[in-house]
$ cat entry_31.tsv   # TSV, C-alpha atoms
chain	number	residue	atom	x	y	z
A	1	LYS	CA	2.75	21.84	-18.94
A	2	LYS	CA	3.57	22.04	-15.24
A	3	LEU	CA	5.03	18.54	-15.18
A	4	ARG	CA	7.14	19.20	-18.26
A	5	LYS	CA	8.74	22.16	-16.46
A	6	TYR	CA	9.95	19.87	-13.67
A	7	LEU	CA	11.04	16.83	-15.65
A	8	LYS	CA	14.34	16.76	-17.49
A	9	PRO	CA	15.81	14.12	-19.79
A	10	LYS	CA	17.45	11.24	-17.88
A	11	ASP	CA	15.43	11.98	-14.72
A	12	CYS	CA	13.84	9.23	-12.65
A	13	LEU	CA	10.09	9.69	-12.25
A	14	LEU	CA	8.40	8.40	-9.10
A	15	PHE	CA	4.63	8.34	-9.70
A	16	ILE	CA	2.64	8.22	-6.45
A	17	ALA	CA	-0.17	10.75	-7.01
A	18	ALA	CA	-3.72	9.41	-6.84
A	19	LYS	CA	-7.19	10.08	-5.52
A	20	ALA	CA	-7.47	7.10	-3.22
A	21	PRO	CA	-9.01	4.83	-2.30
A	22	VAL	CA	-11.18	4.72	-5.41
A	23	LYS	CA	-14.82	4.31	-4.41
A	24	SER	CA	-16.69	5.55	-7.48
A	25	VAL	CA	-16.52	5.56	-11.26
A	26	GLU	CA	-15.92	9.31	-11.14
A	27	MET	CA	-12.80	8.79	-9.00
A	28	LEU	CA	-11.65	6.03	-11.35
A	29	ILE	CA	-11.92	8.34	-14.38
A	30	LYS	CA	-10.06	11.18	-12.60
A	31	ASN	CA	-7.20	8.83	-11.76
A	32	LEU	CA	-6.98	7.56	-15.33
A	33	LEU	CA	-6.93	11.13	-16.63
A	34	MET	CA	-4.12	11.88	-14.18
A	35	CYS	CA	-2.15	8.94	-15.57
A	36	SER	CA	-2.94	10.02	-19.13
A	37	THR	CA	-1.27	13.37	-18.36
A	38	VAL	CA	1.85	11.60	-17.10
A	39	CYS	CA	1.89	9.37	-20.18
A	40	SER	CA	1.71	12.36	-22.52
A	41	VAL	CA	4.74	13.91	-20.81
A	42	ILE	CA	6.73	10.66	-20.86
A	43	LYS	CA	6.25	10.54	-24.64
A	44	LYS	CA	7.96	13.93	-24.98
A	45	ILE	CA	10.72	13.72	-22.37
A	46	SER	CA	13.20	10.82	-22.38
A	47	ILE	CA	13.34	9.94	-18.69
A	48	SER	CA	15.69	7.15	-17.64
A	49	HIS	CA	13.60	5.30	-15.06
A	50	LEU	CA	9.95	5.11	-14.01
A	51	VAL	CA	8.67	3.83	-10.66
A	52	TYR	CA	4.93	3.54	-10.09
A	53	ILE	CA	3.39	2.95	-6.66
A	54	SER	CA	0.55	0.55	-7.41
A	55	SER	CA	-1.30	-1.71	-4.96
A	56	ASP	CA	-1.84	-5.35	-4.07
A	57	ALA	CA	-5.50	-4.64	-4.91
A	58	VAL	CA	-4.64	-5.59	-8.51
A	59	TYR	CA	-4.55	-9.28	-7.49
A	60	SER	CA	-7.50	-11.63	-7.44
A	61	ASP	CA	-8.51	-13.13	-4.11
A	62	SER	CA	-6.62	-16.31	-3.32
A	63	SER	CA	-6.26	-18.80	-0.48
A	64	LYS	CA	-2.62	-19.23	-1.54
A	65	LEU	CA	0.32	-16.93	-0.88
A	66	LEU	CA	0.37	-14.09	-3.38
A	67	THR	CA	3.46	-13.53	-5.53
A	68	GLU	CA	4.36	-11.06	-8.25
A	69	LYS	CA	3.09	-13.65	-10.76
A	70	SER	CA	-0.30	-14.11	-9.13
A	71	TYR	CA	-3.40	-13.61	-11.27
A	72	THR	CA	-4.42	-9.97	-11.71
A	73	GLN	CA	-8.17	-9.62	-12.01
A	74	PRO	CA	-9.15	-6.97	-9.46
A	75	SER	CA	-12.61	-7.09	-7.93
A	76	SER	CA	-12.56	-3.44	-6.80
A	77	LEU	CA	-12.51	-0.10	-8.64
A	78	HIS	CA	-9.34	0.73	-6.70
A	79	GLY	CA	-7.58	-2.36	-8.01
A	80	LEU	CA	-8.88	-1.73	-11.52
A	81	MET	CA	-7.50	1.80	-11.40
A	82	HIS	CA	-4.00	0.68	-10.48
A	83	LEU	CA	-3.90	-2.18	-12.99
A	84	SER	CA	-5.14	0.14	-15.75
A	85	ARG	CA	-2.46	2.68	-14.88
A	86	GLU	CA	0.24	0.00	-14.95
A	87	ILE	CA	-0.85	-1.02	-18.46
A	88	MET	CA	-1.03	2.59	-19.64
A	89	LEU	CA	2.48	3.36	-18.39
A	90	LYS	CA	3.93	0.14	-19.80
A	91	ASN	CA	2.53	0.98	-23.21
A	92	VAL	CA	4.23	4.38	-23.45
A	93	PHE	CA	7.52	3.86	-21.59
A	94	LYS	CA	9.99	1.32	-22.95
A	95	GLY	CA	12.81	1.93	-20.48
A	96	PRO	CA	13.27	0.35	-17.04
A	97	ILE	CA	9.97	0.54	-15.18
A	98	CYS	CA	9.19	-0.81	-11.73
A	99	PHE	CA	5.69	-1.41	-10.40
A	100	LEU	CA	5.61	-1.55	-6.61
A	101	ARG	CA	2.51	-3.19	-5.14
A	102	PRO	CA	2.26	-2.49	-1.40
A	103	THR	CA	-0.31	-4.11	0.82
A	104	LEU	CA	-2.04	-2.21	3.68
A	105	ILE	CA	0.23	0.64	4.81
A	106	TYR	CA	0.20	2.09	8.31
A	107	GLY	CA	2.09	4.89	10.01
A	108	GLU	CA	1.80	8.32	11.54
A	109	ASN	CA	0.15	11.13	9.56
A	110	ASP	CA	-1.92	8.74	7.48
A	111	PRO	CA	-4.38	11.00	5.58
A	112	HIS	CA	-7.09	8.36	5.10
A	113	ASN	CA	-7.61	7.20	8.69
A	114	GLY	CA	-7.87	3.73	7.21
A	115	TYR	CA	-9.44	0.81	9.05
A	116	GLY	CA	-6.67	-0.94	10.93
A	117	PRO	CA	-3.61	0.33	12.83
A	118	ASN	CA	-4.01	3.97	11.72
A	119	ARG	CA	-7.58	4.33	12.95
A	120	PHE	CA	-7.09	2.09	15.98
A	121	PHE	CA	-4.17	4.20	17.22
A	122	ARG	CA	-6.15	7.43	17.02
A	123	LEU	CA	-9.11	5.93	18.82
A	124	ALA	CA	-6.93	4.35	21.51
A	125	LYS	CA	-5.15	7.65	22.23
A	126	LYS	CA	-8.57	9.22	22.86
A	127	ASN	CA	-9.79	6.21	24.89
A	128	LYS	CA	-12.64	5.74	22.43
A	129	ALA	CA	-14.19	2.41	21.45
A	130	ILE	CA	-12.48	0.54	18.61
A	131	LYS	CA	-15.11	-0.87	16.28
A	132	LEU	CA	-14.24	-4.10	14.51
A	133	PHE	CA	-16.20	-5.45	11.58
A	134	GLY	CA	-17.51	-8.85	12.61
A	135	LYS	CA	-15.00	-10.20	15.10
A	136	GLY	CA	-12.04	-8.61	13.35
A	137	GLU	CA	-10.92	-12.12	12.49
A	138	GLU	CA	-9.64	-11.62	8.95
A	139	LEU	CA	-5.90	-12.12	8.52
A	140	ARG	CA	-4.02	-9.37	6.71
A	141	ASP	CA	-0.46	-8.25	6.12
A	142	HIS	CA	0.37	-4.69	7.18
A	143	VAL	CA	3.53	-2.81	6.21
A	144	TRP	CA	5.02	0.24	7.96
A	145	VAL	CA	5.29	3.34	5.78
A	146	GLU	CA	8.96	3.76	6.81
A	147	ASP	CA	9.76	0.34	5.33
A	148	VAL	CA	7.87	1.22	2.16
A	149	ALA	CA	9.95	4.39	1.78
A	150	LYS	CA	13.21	2.50	2.26
A	151	ILE	CA	12.28	0.00	-0.45
A	152	VAL	CA	11.34	2.82	-2.84
A	153	ILE	CA	14.75	4.40	-2.29
A	154	LYS	CA	16.50	1.09	-3.00
A	155	VAL	CA	14.49	0.65	-6.19
A	156	LEU	CA	15.39	4.16	-7.36
A	157	LEU	CA	19.09	3.82	-6.57
A	158	ASN	CA	19.30	0.44	-8.33
A	159	ARG	CA	17.18	1.48	-11.32
A	160	SER	CA	15.12	-1.64	-10.65
A	161	ASP	CA	12.91	-3.07	-13.38
A	162	GLY	CA	9.87	-5.33	-13.02
A	163	VAL	CA	7.20	-5.94	-10.39
A	164	LEU	CA	7.73	-6.12	-6.63
A	165	ASN	CA	5.20	-6.67	-3.88
A	166	ILE	CA	5.74	-4.74	-0.66
A	167	ALA	CA	4.50	-6.96	2.15
A	168	THR	CA	6.11	-8.45	5.25
A	169	GLY	CA	4.91	-12.05	4.98
A	170	GLU	CA	3.42	-11.70	8.48
A	171	VAL	CA	-0.35	-11.81	8.93
A	172	LEU	CA	-2.33	-10.75	11.99
A	173	SER	CA	-6.05	-10.38	12.62
A	174	PHE	CA	-7.51	-6.92	13.14
A	175	GLU	CA	-8.60	-8.06	16.58
A	176	LYS	CA	-5.02	-8.87	17.62
A	177	ILE	CA	-3.78	-5.54	16.23
A	178	ALA	CA	-6.45	-3.64	18.15
A	179	LYS	CA	-5.60	-5.43	21.39
A	180	LEU	CA	-1.87	-4.82	20.85
A	181	ILE	CA	-2.44	-1.09	20.31
A	182	ILE	CA	-4.65	-0.80	23.40
A	183	LYS	CA	-1.90	-2.45	25.43
A	184	LEU	CA	0.89	-0.32	23.96
A	185	THR	CA	-0.95	2.92	24.61
A	186	ASN	CA	-2.27	1.94	28.05
A	187	SER	CA	-5.65	2.92	26.71
A	188	SER	CA	-9.02	2.34	28.33
A	189	SER	CA	-10.59	1.80	24.92
A	190	LYS	CA	-12.93	-1.14	24.54
A	191	ILE	CA	-13.33	-3.32	21.46
A	192	LYS	CA	-16.80	-3.23	19.96
A	193	ASN	CA	-17.92	-5.72	17.33
A	194	VAL	CA	-20.23	-4.33	14.65
A	195	LYS	CA	-22.14	-6.04	11.87
A	196	ARG	CA	-20.45	-6.10	8.48
A	197	ASN	CA	-22.04	-4.11	5.68
A	198	GLY	CA	-20.99	-6.69	3.12
A	199	PRO	CA	-18.92	-9.84	2.65
A	200	MET	CA	-15.56	-10.17	4.38
A	201	PRO	CA	-12.85	-8.60	2.16
A	202	HIS	CA	-10.65	-11.14	0.36
A	203	ASN	CA	-12.54	-13.96	2.07
A	204	GLY	CA	-10.72	-13.11	5.28
A	205	TYR	CA	-7.20	-13.96	4.10
A	206	ARG	CA	-4.49	-12.05	2.22
A	207	SER	CA	-0.90	-13.25	2.61
A	208	PHE	CA	2.27	-13.00	0.56
A	209	ASN	CA	5.34	-14.93	-0.48
A	210	VAL	CA	8.10	-12.34	0.02
A	211	SER	CA	10.97	-14.28	-1.58
A	212	SER	CA	11.29	-11.78	-4.46
A	213	LEU	CA	12.04	-8.95	-2.03
A	214	LYS	CA	14.61	-11.07	-0.24
A	215	LYS	CA	16.26	-11.94	-3.55
A	216	ALA	CA	16.28	-8.33	-4.76
A	217	PHE	CA	17.45	-6.76	-1.49
A	218	PRO	CA	18.88	-9.52	0.74
A	219	ASN	CA	20.07	-7.12	3.44
A	220	PHE	CA	16.65	-5.52	3.91
A	221	LYS	CA	14.46	-6.60	6.81
A	222	TYR	CA	10.92	-5.50	7.49
A	223	HIS	CA	9.85	-4.38	10.94
A	224	LYS	CA	7.42	-6.74	12.60
A	225	ILE	CA	4.16	-4.94	13.27
A	226	SER	CA	4.71	-5.14	17.04
A	227	GLU	CA	8.13	-3.45	16.64
A	228	ALA	CA	6.84	-0.69	14.37
A	229	LEU	CA	3.78	0.04	16.52
A	230	TYR	CA	6.04	0.45	19.54
A	231	LYS	CA	8.20	2.96	17.65
A	232	ILE	CA	5.31	5.09	16.43
A	233	LYS	CA	3.05	4.99	19.49
A	234	GLU	CA	4.23	8.42	20.69
A	235	LEU	CA	3.75	10.01	17.28
A	236	TYR	CA	-0.03	9.72	17.13
$ encode --input "entry_31.tsv" --output "structure tokens"
Amino acid sequence: KKLRKYLKPKDCLLFIAAKAPVKSVEMLIKNLLMCSTVCSVIKKISISHLVYISSDAVYSDSSKLLTEKSYTQPSSLHGLMHLSREIMLKNVFKGPICFLRPTLIYGENDPHNGYGPNRFFRLAKKNKAIKLFGKGEELRDHVWVEDVAKIVIKVLLNRSDGVLNIATGEVLSFEKIAKLIIKLTNSSSKIKNVKRNGPMPHNGYRSFNVSSLKKAFPNFKYHKISEALYKIKELY
């Protein structure tokens, strides 16, 4: 009822809300119920465009560059949640719908204090030890939240339809990111290697072919992680 009061016919709906990251079946069910509510409203109000912020967690692990056509068989509850929501939304909305699948997002005011740049920055500013799982050797793509927002705006303004990964195409190890942040902040933090609780996520490699983004928005350029970290270092 609350959502129906806000939505009007011909509106664009940007669906971001989620309890994340999903770490239990209970959280999974709550997120699916949340999506079910949105679906019930979409059935009653003829919106003109739907954009859903999904996740690259929907993809299976691969040693090859991931694309929007890569196999989707998530190994995590978080990935299962997003893929299920995509299917639910696709089944009820027949207009232009865009699924955005960002990889690891970093930036100031991150509410999750996620492992990686967000946590490393906070620890470095306090001169506390930065703990890396294993040797921090896994290679991952990280995307600045400001770049994510700019892409979302472009998608909304262009009424984009389809699937689009949000990733820079650049991969760095967590160890290199930690060292870069320590240097940028002139921190006295030390890197501490800790034993992993389980297998290395994604077999230590998660990289993307970003040609679809370049084709869709040829004038858009991602910030390299070194550039973005320099810009946000004073904001933590």
$ atom_distance --input "entry_31.tsv" --atom1 "atom CA of A:Cys39" --atom2 "atom CA of A:Leu3"
10.9 Å
$ axis_aligned_box --input "entry_31.tsv" --around "stretch 99-102 of chain A" --padding-each-side "8 Å" --output "JSON"
{"center_x": 4.0, "center_y": -2.3, "center_z": -5.9, "size_x": 19.4, "size_y": 17.8, "size_z": 25.0}
$ residues_around --input "entry_31.tsv" --residues "stretch 98-103 of chain A" --least-positions-apart "5" --cutoff "8 Å" --atoms "all atoms listed in the file" --output "list in words"
Leu50, Val51, Tyr52, Ile53, Ser54, Ser55, Asp56, Ala57, Glu86, Asp141, His142, Val143, Val148, Val155, Ser160, Asp161, Gly162, Val163, Leu164, Asn165, Ile166 and Ala167 of chain A
$ residues_near_point --input "entry_31.tsv" --point "(-6.7, 5.5, -14.5)" --cutoff "6 Å" --atoms "all atoms listed in the file" --output "list in words"
Leu28, Ile29, Asn31, Leu32, Cys35, Met81, Ser84 and Arg85 of chain A
$ closest_residue --input "entry_31.tsv" --among "A:Phe120, A:Asn158, A:Tyr205, A:Ser36" --to "A:Ile87" --atoms "only C-alpha atoms"
A:Ser36
$ closest_residue --input "entry_31.tsv" --among "A:Arg206, A:Lys233, A:Lys90, A:Lys221" --to "A:Ser62" --atoms "all atoms listed in the file"
A:Arg206
$ closest_residue --input "entry_31.tsv" --among "A:Ala178, A:Leu7, A:Ile97, A:Val145" --to "A:Phe121" --atoms "all atoms listed in the file"
A:Ala178
$ atom_distance --input "entry_31.tsv" --atom1 "atom CA of A:Ser188" --atom2 "atom CA of A:Ile225"
21.3 Å
$ residues_around --input "entry_31.tsv" --residues "A:Leu235" --least-positions-apart "2" --cutoff "12 Å" --atoms "all atoms listed in the file" --output "ChimeraX atom specification"
/A:107-110,118,121-122,125,185,228-233
$ closest_residue --input "entry_31.tsv" --among "A:Thr67, A:Asn91, A:Asn197, A:Asn203" --to "A:Arg140" --atoms "only C-alpha atoms"
A:Asn203
$ atom_distance --input "entry_31.tsv" --atom1 "atom CA of A:Pro74" --atom2 "atom CA of A:Gly198"
17.3 Å
$ closest_residue --input "entry_31.tsv" --among "A:Asn113, A:Asn127, A:Ser70, A:Ser46" --to "A:Cys12" --atoms "all atoms listed in the file"
A:Ser46
$ residues_around --input "entry_31.tsv" --residues "A:Ser48" --least-positions-apart "6" --cutoff "7 Å" --atoms "all atoms listed in the file" --output "list in words"
Lys10, Asp11, Cys12 and Gly95 of chain A
$ closest_residue --input "entry_31.tsv" --among "A:Ile16, A:Gly116, A:Tyr59, A:Ala124" --to "A:Lys183" --atoms "all atoms listed in the file"
A:Ala124
